[in-house]
Amino acid sequence: MNNRLLLLLCALMVPMTSSVLGETPPGYPGHGQTLYEQNCLRCHGGRFDGNGPEADALRLRPTNLRTYLMMGRGSSDLEKVIREGRKDTPMHAWGAVLTDQDIYDLVAYIRREIPQIEVKP
């Protein structure tokens with residue numbers, strides 16, 4: 001009985017641990033790819049370089065996710081921008097449209113295609 005209780009408590013702590021550490025929970029890149037193609041590709045492009053088919057029509061160019069600076073940002077930063085958007089830019093908030101899991105999946109797909117690099121001071 002005690003082992004079951006301990007196992008249950010550990011299972012409940014795993015999701016809490018990732019949010020406490022500011023890490024994005026694991027997502028499913030396959031589903032993230034579908035979401036990217038449906039919602040992000042038209043601005044950020046198929047190469048994640050900010051040259052999507054609608055990029056020229058925007059007053060500010062979409063972010064090139066392949067820059068050294070962007071690759072150095074954490075996944076939790078990427079998640080926050082997707083969820084909340086960026087003020088005074090065409091990047092709008094997706095938090096009301098996508099579920100939390102959708103956002104985790106989208107981040108997982110982007111990180112699969114553009115791995116985060118470790119930036120040392």
# chains A, B, ... in the order shown; residues from 1 in each chain; ligands from 1
>>> residues_around(residues="A:Phe48", least_positions_apart="4", cutoff="9 Å", atoms="only C-alpha atoms", output="list in words")
Cys40, Leu41, Cys43, His44, Gly52, Thr63, Asn64, Leu65, Arg66, Ile110, Glu113 and Ile114 of chain A
>>> write_last_selection(atoms="C-alpha atoms", output="mmCIF file, in the first residue's frame")
data_model
loop_
_atom_site.group_PDB
_atom_site.id
_atom_site.type_symbol
_atom_site.label_atom_id
_atom_site.label_comp_id
_atom_site.auth_asym_id
_atom_site.auth_seq_id
_atom_site.Cartn_x
_atom_site.Cartn_y
_atom_site.Cartn_z
ATOM 1 C CA CYS A 40 2.993 29.426 -38.320
ATOM 2 C CA LEU A 41 4.360 28.534 -41.740
ATOM 3 C CA CYS A 43 4.705 33.910 -41.630
ATOM 4 C CA HIS A 44 7.802 32.072 -40.370
ATOM 5 C CA GLY A 52 6.828 32.668 -45.215
ATOM 6 C CA THR A 63 11.330 36.339 -36.467
ATOM 7 C CA ASN A 64 13.974 34.174 -38.069
ATOM 8 C CA LEU A 65 14.010 31.263 -35.636
ATOM 9 C CA ARG A 66 17.353 30.070 -37.025
ATOM 10 C CA ILE A 110 10.523 23.635 -33.427
ATOM 11 C CA GLU A 113 14.110 21.165 -36.236
ATOM 12 C CA ILE A 114 16.164 23.891 -34.534
#
>>> residues_around(residues="A:Tyr68", least_positions_apart="4", cutoff="9 Å", atoms="only C-alpha atoms", output="PyMOL selection string")
chain A and resi 72-73+117
>>> write_last_selection(atoms="N, CA and C atoms", output="PDB file, in the first residue's frame")
ATOM      1  N   GLY A  72      19.546  30.326 -28.835  1.00  0.00           N
ATOM      2  CA  GLY A  72      20.013  30.391 -27.462  1.00  0.00           C
ATOM      3  C   GLY A  72      18.911  30.612 -26.447  1.00  0.00           C
ATOM      4  N   ARG A  73      17.738  30.993 -26.911  1.00  0.00           N
ATOM      5  CA  ARG A  73      16.615  31.190 -25.983  1.00  0.00           C
ATOM      6  C   ARG A  73      16.065  29.845 -25.553  1.00  0.00           C
ATOM      7  N   ILE A 117      20.768  25.805 -28.421  1.00  0.00           N
ATOM      8  CA  ILE A 117      22.199  25.721 -28.165  1.00  0.00           C
ATOM      9  C   ILE A 117      22.486  26.251 -26.767  1.00  0.00           C
TER      10      ILE A 117
END
>>> residues_around(residues="stretch 74-80 of chain A", least_positions_apart="3", cutoff="12 Å", atoms="only C-alpha atoms", output="PyMOL selection string")
chain A and resi 18-27+63+65+69-71+83-86+91-95+98-112+114-119
>>> write_last_selection(atoms="N, CA and C atoms", output="short mmCIF file (atom, residue, chain, number, x, y, z; two decimals), in the first residue's frame")
data_model
loop_
_atom_site.label_atom_id
_atom_site.label_comp_id
_atom_site.auth_asym_id
_atom_site.auth_seq_id
_atom_site.Cartn_x
_atom_site.Cartn_y
_atom_site.Cartn_z
N SER A 18 8.30 20.36 -13.77
CA SER A 18 8.66 21.08 -15.00
C SER A 18 8.20 22.53 -14.93
N SER A 19 7.06 22.81 -14.34
CA SER A 19 6.62 24.20 -14.27
C SER A 19 7.41 24.98 -13.23
N VAL A 20 7.82 24.33 -12.16
CA VAL A 20 8.61 25.00 -11.15
C VAL A 20 9.97 25.39 -11.72
N LEU A 21 10.55 24.52 -12.52
CA LEU A 21 11.86 24.79 -13.11
C LEU A 21 11.78 25.70 -14.33
N GLY A 22 10.59 26.03 -14.78
CA GLY A 22 10.44 26.89 -15.94
C GLY A 22 10.69 26.16 -17.25
N GLU A 23 10.64 24.85 -17.22
CA GLU A 23 10.87 24.06 -18.42
C GLU A 23 9.54 23.74 -19.08
N THR A 24 9.57 23.70 -20.38
CA THR A 24 8.38 23.31 -21.12
C THR A 24 8.23 21.79 -21.03
N PRO A 25 7.06 21.30 -20.65
CA PRO A 25 6.86 19.85 -20.61
C PRO A 25 7.07 19.24 -22.00
N PRO A 26 7.40 17.96 -22.04
CA PRO A 26 7.63 17.33 -23.33
C PRO A 26 6.39 17.38 -24.20
N GLY A 27 6.61 17.52 -25.47
CA GLY A 27 5.51 17.54 -26.42
C GLY A 27 5.73 16.49 -27.49
N THR A 63 10.04 36.74 -37.03
CA THR A 63 11.33 36.34 -36.47
C THR A 63 11.92 35.17 -37.24
N LEU A 65 13.76 32.15 -36.78
CA LEU A 65 14.01 31.26 -35.64
C LEU A 65 15.36 30.56 -35.72
N LEU A 69 20.83 34.00 -31.80
CA LEU A 69 20.14 34.55 -30.64
C LEU A 69 18.89 33.74 -30.31
N MET A 70 18.10 33.41 -31.32
CA MET A 70 16.87 32.64 -31.07
C MET A 70 17.17 31.22 -30.62
N MET A 71 18.22 30.61 -31.18
CA MET A 71 18.56 29.25 -30.78
C MET A 71 19.05 29.20 -29.35
N ARG A 83 2.36 31.58 -26.58
CA ARG A 83 1.16 31.73 -25.75
C ARG A 83 0.67 33.18 -25.68
N GLU A 84 1.60 34.13 -25.48
CA GLU A 84 1.23 35.53 -25.21
C GLU A 84 1.42 36.47 -26.39
N GLY A 85 2.13 36.04 -27.42
CA GLY A 85 2.43 36.93 -28.54
C GLY A 85 3.52 37.91 -28.17
N ARG A 86 3.75 38.87 -29.06
CA ARG A 86 4.74 39.92 -28.81
C ARG A 86 4.10 41.27 -29.08
N MET A 91 3.13 39.23 -34.31
CA MET A 91 3.05 37.94 -33.60
C MET A 91 1.97 38.04 -32.53
N HIS A 92 0.83 37.43 -32.83
CA HIS A 92 -0.29 37.50 -31.89
C HIS A 92 -0.28 36.31 -30.94
N ALA A 93 -1.04 36.42 -29.89
CA ALA A 93 -1.11 35.39 -28.86
C ALA A 93 -1.91 34.20 -29.37
N TRP A 94 -1.37 33.01 -29.16
CA TRP A 94 -2.05 31.78 -29.55
C TRP A 94 -2.63 31.05 -28.35
N GLY A 95 -2.45 31.59 -27.15
CA GLY A 95 -2.91 30.92 -25.94
C GLY A 95 -4.41 30.69 -25.88
N LEU A 98 -4.79 27.75 -29.05
CA LEU A 98 -4.16 26.45 -28.88
C LEU A 98 -4.23 26.01 -27.41
N THR A 99 -4.33 24.72 -27.20
CA THR A 99 -4.30 24.19 -25.84
C THR A 99 -2.87 24.21 -25.33
N ASP A 100 -2.69 24.01 -24.03
CA ASP A 100 -1.35 23.91 -23.47
C ASP A 100 -0.57 22.80 -24.18
N GLN A 101 -1.21 21.65 -24.37
CA GLN A 101 -0.52 20.53 -25.02
C GLN A 101 -0.14 20.88 -26.46
N ASP A 102 -1.02 21.60 -27.16
CA ASP A 102 -0.69 22.04 -28.52
C ASP A 102 0.58 22.89 -28.51
N ILE A 103 0.69 23.78 -27.56
CA ILE A 103 1.86 24.66 -27.47
C ILE A 103 3.10 23.84 -27.16
N TYR A 104 3.01 22.88 -26.25
CA TYR A 104 4.15 22.02 -25.95
C TYR A 104 4.56 21.23 -27.19
N ASP A 105 3.57 20.76 -27.95
CA ASP A 105 3.86 20.01 -29.17
C ASP A 105 4.54 20.89 -30.21
N LEU A 106 4.08 22.12 -30.32
CA LEU A 106 4.67 23.07 -31.27
C LEU A 106 6.12 23.38 -30.90
N VAL A 107 6.37 23.60 -29.63
CA VAL A 107 7.74 23.85 -29.16
C VAL A 107 8.61 22.62 -29.42
N ALA A 108 8.09 21.43 -29.17
CA ALA A 108 8.85 20.20 -29.40
C ALA A 108 9.23 20.07 -30.87
N TYR A 109 8.31 20.42 -31.76
CA TYR A 109 8.61 20.36 -33.20
C TYR A 109 9.68 21.38 -33.58
N ILE A 110 9.54 22.60 -33.11
CA ILE A 110 10.52 23.64 -33.43
C ILE A 110 11.88 23.24 -32.89
N ARG A 111 11.93 22.71 -31.67
CA ARG A 111 13.21 22.29 -31.08
C ARG A 111 13.79 21.07 -31.78
N ARG A 112 12.95 20.23 -32.35
CA ARG A 112 13.47 19.10 -33.12
C ARG A 112 14.17 19.61 -34.38
N ILE A 114 15.16 22.89 -34.89
CA ILE A 114 16.16 23.89 -34.53
C ILE A 114 16.52 23.67 -33.07
N PRO A 115 17.50 22.84 -32.81
CA PRO A 115 17.84 22.56 -31.41
C PRO A 115 18.33 23.80 -30.69
N GLN A 116 18.05 23.83 -29.42
CA GLN A 116 18.53 24.92 -28.57
C GLN A 116 20.03 24.71 -28.37
N ILE A 117 20.77 25.81 -28.42
CA ILE A 117 22.20 25.72 -28.17
C ILE A 117 22.49 26.25 -26.77
N GLU A 118 23.54 25.75 -26.19
CA GLU A 118 23.92 26.23 -24.86
C GLU A 118 24.77 27.47 -25.03
N VAL A 119 24.36 28.53 -24.39
CA VAL A 119 25.10 29.80 -24.45
C VAL A 119 25.80 29.99 -23.13
#
>>> select_by_dssp(residues="stretch 38-101 of chain A", states="helix (DSSP H, G or I)", output="list in words")
Gln38, Asn39, Leu41, Arg42, Cys43, His44, Ala55, Asp56, Ala57, Tyr68, Leu69, Met70, Met71, Gly72, Ser75, Ser76, Asp77, Leu78, Glu79, Lys80, Val81, Ile82, Arg83, Glu84, Asp100 and Gln101 of chain A
>>> write_last_selection(atoms="N, CA and C atoms", output="PDB file, in the first residue's frame")
ATOM      1  N   GLN A  38      -0.171  24.603 -40.099  1.00  0.00           N
ATOM      2  CA  GLN A  38      -1.480  25.252 -40.117  1.00  0.00           C
ATOM      3  C   GLN A  38      -1.433  26.702 -39.656  1.00  0.00           C
ATOM      4  N   ASN A  39      -0.558  27.018 -38.695  1.00  0.00           N
ATOM      5  CA  ASN A  39      -0.639  28.320 -38.034  1.00  0.00           C
ATOM      6  C   ASN A  39       0.592  29.211 -38.161  1.00  0.00           C
ATOM      7  N   LEU A  41       3.605  28.585 -40.500  1.00  0.00           N
ATOM      8  CA  LEU A  41       4.360  28.534 -41.740  1.00  0.00           C
ATOM      9  C   LEU A  41       4.131  29.752 -42.622  1.00  0.00           C
ATOM     10  N   ARG A  42       2.919  30.247 -42.677  1.00  0.00           N
ATOM     11  CA  ARG A  42       2.621  31.367 -43.579  1.00  0.00           C
ATOM     12  C   ARG A  42       3.426  32.621 -43.243  1.00  0.00           C
ATOM     13  N   CYS A  43       3.873  32.763 -42.006  1.00  0.00           N
ATOM     14  CA  CYS A  43       4.705  33.910 -41.630  1.00  0.00           C
ATOM     15  C   CYS A  43       6.173  33.511 -41.460  1.00  0.00           C
ATOM     16  N   HIS A  44       6.426  32.456 -40.691  1.00  0.00           N
ATOM     17  CA  HIS A  44       7.802  32.072 -40.370  1.00  0.00           C
ATOM     18  C   HIS A  44       8.449  31.215 -41.448  1.00  0.00           C
ATOM     19  N   ALA A  55       4.883  36.874 -45.264  1.00  0.00           N
ATOM     20  CA  ALA A  55       5.826  37.718 -44.519  1.00  0.00           C
ATOM     21  C   ALA A  55       5.960  39.116 -45.115  1.00  0.00           C
ATOM     22  N   ASP A  56       5.979  39.222 -46.424  1.00  0.00           N
ATOM     23  CA  ASP A  56       6.158  40.532 -47.065  1.00  0.00           C
ATOM     24  C   ASP A  56       4.988  41.477 -46.815  1.00  0.00           C
ATOM     25  N   ALA A  57       3.827  40.937 -46.509  1.00  0.00           N
ATOM     26  CA  ALA A  57       2.647  41.772 -46.285  1.00  0.00           C
ATOM     27  C   ALA A  57       2.587  42.337 -44.861  1.00  0.00           C
ATOM     28  N   TYR A  68      21.281  32.745 -34.238  1.00  0.00           N
ATOM     29  CA  TYR A  68      22.024  32.299 -33.056  1.00  0.00           C
ATOM     30  C   TYR A  68      21.314  32.766 -31.781  1.00  0.00           C
ATOM     31  N   LEU A  69      20.833  33.996 -31.803  1.00  0.00           N
ATOM     32  CA  LEU A  69      20.143  34.549 -30.638  1.00  0.00           C
ATOM     33  C   LEU A  69      18.887  33.743 -30.311  1.00  0.00           C
ATOM     34  N   MET A  70      18.105  33.409 -31.315  1.00  0.00           N
ATOM     35  CA  MET A  70      16.875  32.643 -31.075  1.00  0.00           C
ATOM     36  C   MET A  70      17.173  31.221 -30.622  1.00  0.00           C
ATOM     37  N   MET A  71      18.221  30.611 -31.178  1.00  0.00           N
ATOM     38  CA  MET A  71      18.561  29.245 -30.782  1.00  0.00           C
ATOM     39  C   MET A  71      19.048  29.201 -29.347  1.00  0.00           C
ATOM     40  N   GLY A  72      19.546  30.326 -28.835  1.00  0.00           N
ATOM     41  CA  GLY A  72      20.013  30.391 -27.462  1.00  0.00           C
ATOM     42  C   GLY A  72      18.911  30.612 -26.447  1.00  0.00           C
ATOM     43  N   SER A  75      13.361  26.935 -24.260  1.00  0.00           N
ATOM     44  CA  SER A  75      12.058  26.479 -24.750  1.00  0.00           C
ATOM     45  C   SER A  75      10.918  27.156 -24.004  1.00  0.00           C
ATOM     46  N   SER A  76      11.127  27.465 -22.725  1.00  0.00           N
ATOM     47  CA  SER A  76      10.065  28.140 -21.971  1.00  0.00           C
ATOM     48  C   SER A  76       9.845  29.560 -22.505  1.00  0.00           C
ATOM     49  N   ASP A  77      10.902  30.214 -23.002  1.00  0.00           N
ATOM     50  CA  ASP A  77      10.749  31.534 -23.634  1.00  0.00           C
ATOM     51  C   ASP A  77       9.924  31.414 -24.913  1.00  0.00           C
ATOM     52  N   LEU A  78      10.241  30.403 -25.704  1.00  0.00           N
ATOM     53  CA  LEU A  78       9.514  30.162 -26.942  1.00  0.00           C
ATOM     54  C   LEU A  78       8.041  29.882 -26.646  1.00  0.00           C
ATOM     55  N   GLU A  79       7.802  29.069 -25.648  1.00  0.00           N
ATOM     56  CA  GLU A  79       6.422  28.758 -25.230  1.00  0.00           C
ATOM     57  C   GLU A  79       5.678  30.032 -24.841  1.00  0.00           C
ATOM     58  N   LYS A  80       6.331  30.900 -24.092  1.00  0.00           N
ATOM     59  CA  LYS A  80       5.699  32.138 -23.635  1.00  0.00           C
ATOM     60  C   LYS A  80       5.327  33.044 -24.804  1.00  0.00           C
ATOM     61  N   VAL A  81       6.222  33.162 -25.781  1.00  0.00           N
ATOM     62  CA  VAL A  81       5.937  34.002 -26.946  1.00  0.00           C
ATOM     63  C   VAL A  81       4.768  33.427 -27.750  1.00  0.00           C
ATOM     64  N   ILE A  82       4.738  32.125 -27.910  1.00  0.00           N
ATOM     65  CA  ILE A  82       3.617  31.508 -28.634  1.00  0.00           C
ATOM     66  C   ILE A  82       2.321  31.758 -27.870  1.00  0.00           C
ATOM     67  N   ARG A  83       2.357  31.583 -26.581  1.00  0.00           N
ATOM     68  CA  ARG A  83       1.158  31.732 -25.748  1.00  0.00           C
ATOM     69  C   ARG A  83       0.674  33.181 -25.679  1.00  0.00           C
ATOM     70  N   GLU A  84       1.601  34.133 -25.477  1.00  0.00           N
ATOM     71  CA  GLU A  84       1.227  35.526 -25.211  1.00  0.00           C
ATOM     72  C   GLU A  84       1.419  36.475 -26.387  1.00  0.00           C
ATOM     73  N   ASP A 100      -2.695  24.008 -24.030  1.00  0.00           N
ATOM     74  CA  ASP A 100      -1.350  23.907 -23.468  1.00  0.00           C
ATOM     75  C   ASP A 100      -0.570  22.805 -24.177  1.00  0.00           C
ATOM     76  N   GLN A 101      -1.206  21.653 -24.367  1.00  0.00           N
ATOM     77  CA  GLN A 101      -0.519  20.534 -25.020  1.00  0.00           C
ATOM     78  C   GLN A 101      -0.144  20.883 -26.458  1.00  0.00           C
TER      79      GLN A 101
END
>>> closest_residue(among="A:Asn51, A:Leu60, A:Thr67, A:Tyr28", to="A:Lys87", atoms="only C-alpha atoms")
A:Leu60
>>> atom_distance(atom1="atom CA of A:Pro29", atom2="atom CA of A:Leu58")
27.6 Å
>>> atom_distance(atom1="atom CA of A:Gly46", atom2="atom CA of A:Gln33")
10.4 Å
>>> atom_distance(atom1="atom CA of A:Ala96", atom2="atom CA of A:Gly50")
23.1 Å
